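Student: First, the structure itself, so that you have it in front of you.
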Amino acid sequence: MMPGMGRVNPRQLKQAMKRLGIKSEEIEDVEEVVIRTRSKEYIIRDASVTLMEMQGQKTFQVLGEPEIVGRTNMTPKAEETKIPEEDVRLVMDQTGCSDEEATKALRECGGQPAEAILKIMSSRG
């Protein structure tokens with residue numbers, strides 16, 4: 001409960017939210033919600049999920065007890081990552097490096113051209 005509000009009538013709260021342009025709806029029949037980070041997965045089974053929309057932004061509220069599972073070997077090896085030729089050319093154009101150096105930097109930076117450019121530039125200066 002929010003401080004200073006005392007008891008709030010749910011009907012009045014819903015009317016106030018409507019006046020403020022806030023839409024809220026319960027998402028039915030949710031089986032599970034998975035939140036994936038680099039090192040963990042949060043799995044919430046039989047979750048209660050509410051979708052709220054305000055000023056074009058959607059927010060999901062998830063209620064439930066998460067099962068936290070560690071992730072191992074979930075990302076492909078750098079050698080397996082396909083690097084687009086246009087990204088290689090972009091890094092080469094911006095840094096003046098060779099094709100091999102651009103490809104290597106892109107692999108080390110997870111295929112992110114901006115990071116690869118910064119990596120090459122910082123290694124030179």
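Identifiers for the structure tokens are assigned positionally: chains receive A, B, ... in sequence, residues are indexed from 1 per chain, and ligands are indexed from 1 in the order shown.
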I want to know what sits within 12 Å of A:Gln55, based on only C-alpha atoms, with residues of the same chain fewer than 4 positions away left out; could you give that as a PyMOL selection string?
Tutor: chain A and resi 20-23+59
Student: Generate the output file for the selected residues, N, CA and C atoms, as an mmCIF file, in the first residue's frame.
Tutor:
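Dumped everything to part_31.cif:
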```cif
data_model
loop_
_atom_site.group_PDB
_atom_site.id
_atom_site.type_symbol
_atom_site.label_atom_id
_atom_site.label_comp_id
_atom_site.auth_asym_id
_atom_site.auth_seq_id
_atom_site.Cartn_x
_atom_site.Cartn_y
_atom_site.Cartn_z
ATOM 1 N N LEU A 20 -6.103 8.964 -15.741
ATOM 2 C CA LEU A 20 -4.694 9.270 -16.029
ATOM 3 C C LEU A 20 -4.219 8.640 -17.333
ATOM 4 N N GLY A 21 -5.104 7.891 -17.989
ATOM 5 C CA GLY A 21 -4.727 7.263 -19.258
ATOM 6 C C GLY A 21 -3.934 5.981 -19.083
ATOM 7 N N ILE A 22 -4.087 5.340 -17.947
ATOM 8 C CA ILE A 22 -3.371 4.094 -17.684
ATOM 9 C C ILE A 22 -4.318 2.929 -17.929
ATOM 10 N N LYS A 23 -3.942 2.051 -18.850
ATOM 11 C CA LYS A 23 -4.735 0.858 -19.130
ATOM 12 C C LYS A 23 -4.061 -0.320 -18.432
ATOM 13 N N THR A 59 4.287 -1.930 -19.648
ATOM 14 C CA THR A 59 5.000 -2.471 -18.495
ATOM 15 C C THR A 59 4.326 -3.766 -18.096
#
```
Student: Would you return as a PyMOL selection string the members of stretch 30-125 of chain A that DSSP assigns to helix (DSSP H, G or I) on this structure's backbone?
Tutor: chain A and resi 78-80+85-95+99-108+113-124
Student: Could you pull the residues within 12 Å of A:Glu65, counting only C-alpha atoms, minus those fewer than 2 positions along the same chain, as a list in words?
Tutor: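 The residues satisfying every condition are Glu32, Val33, Val34, Tyr42, Ile43, Ile44, Arg45, Asp46, Ala47, Ser48, Val62, Leu63, Glu67 and Ile68 of chain A.
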Student: Just write the chosen residues, N, CA and C atoms, as a short mmCIF file (atom, residue, chain, number, x, y, z; two decimals), in the first residue's frame.
Tutor:
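Printed below is selection-v1.cif as written:
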```
data_model
loop_
_atom_site.label_atom_id
_atom_site.label_comp_id
_atom_site.auth_asym_id
_atom_site.auth_seq_id
_atom_site.Cartn_x
_atom_site.Cartn_y
_atom_site.Cartn_z
N GLU A 32 4.38 -19.83 -18.17
CA GLU A 32 5.64 -19.50 -17.52
C GLU A 32 6.22 -18.24 -18.11
N VAL A 33 7.05 -17.57 -17.31
CA VAL A 33 7.77 -16.38 -17.74
C VAL A 33 9.25 -16.70 -17.51
N VAL A 34 10.09 -16.41 -18.53
CA VAL A 34 11.52 -16.67 -18.41
C VAL A 34 12.26 -15.35 -18.61
N TYR A 42 15.70 -16.90 -14.83
CA TYR A 42 14.67 -16.83 -13.80
C TYR A 42 13.41 -17.40 -14.44
N ILE A 43 12.97 -18.55 -13.97
CA ILE A 43 11.81 -19.22 -14.54
C ILE A 43 10.67 -19.12 -13.53
N ILE A 44 9.58 -18.46 -13.94
CA ILE A 44 8.43 -18.28 -13.06
C ILE A 44 7.27 -19.03 -13.69
N ARG A 45 6.93 -20.16 -13.08
CA ARG A 45 5.82 -20.97 -13.59
C ARG A 45 4.51 -20.53 -12.93
N ASP A 46 3.41 -20.68 -13.65
CA ASP A 46 2.09 -20.28 -13.15
C ASP A 46 2.11 -18.83 -12.65
N ALA A 47 2.76 -17.98 -13.41
CA ALA A 47 2.90 -16.57 -13.01
C ALA A 47 1.59 -15.82 -13.24
N SER A 48 1.40 -14.80 -12.43
CA SER A 48 0.31 -13.86 -12.62
C SER A 48 0.94 -12.65 -13.31
N VAL A 62 5.01 -9.06 -13.09
CA VAL A 62 5.01 -10.52 -12.97
C VAL A 62 5.05 -10.89 -11.50
N LEU A 63 4.08 -11.68 -11.09
CA LEU A 63 4.04 -12.16 -9.71
C LEU A 63 4.19 -13.67 -9.72
N GLU A 67 12.26 -19.80 -10.12
CA GLU A 67 13.29 -20.84 -10.00
C GLU A 67 14.50 -20.27 -10.73
N ILE A 68 15.62 -20.16 -10.04
CA ILE A 68 16.81 -19.55 -10.64
C ILE A 68 17.76 -20.66 -11.06
#
```
Student: Pick out the closest residue to A:Met52 from this set: A:Leu90, A:Ile117, A:Ile27, A:Cys97. Count only C-alpha atoms.
Tutor: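 Smallest distance to A:Met52 is found for A:Ile27.
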Student: Identify all residues of stretch 2-124 of chain A in strand (DSSP E or B) (DSSP on the backbone) and supply them as number ranges by chain.
Tutor: A: 22-27, 32-36, 40-45, 48-54, 57-63, 66-70
Student: Can you work out the spacing between atom CA of A:Ala102 and atom CA of A:Lys119 in Å, to one decimal?
Tutor: 10.0 Å
Student: Rank A:Leu118, A:Met92, A:Met17, A:Leu106 by their smallest atom-to-atom distance to A:Glu53, using only C-alpha atoms, and report the top residue only.
Tutor: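 Result for the nearest residue to A:Glu53: A:Met17.
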Student: Please determine, counting only C-alpha atoms, which residue among A:Lys18, A:Lys40, A:Lys104, A:Lys58 has the shortest atom-to-atom distance to A:Val88.
Tutor: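 Ranking A:Lys18, A:Lys40, A:Lys104, A:Lys58 by distance to A:Val88, first place goes to A:Lys104.
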Student: Give me, please, the distance in Å between atom CA of A:Glu100 and atom CA of A:Arg38, quoted to one decimal.
Tutor: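 Between these atoms lies a distance of 27.8 Å.
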Student: To one decimal in Å, tell me the separation between atom CA of A:Leu51 and atom CA of A:Glu26.
Tutor: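 About the pair atom CA of A:Leu51 and atom CA of A:Glu26: they are 6.3 Å apart.
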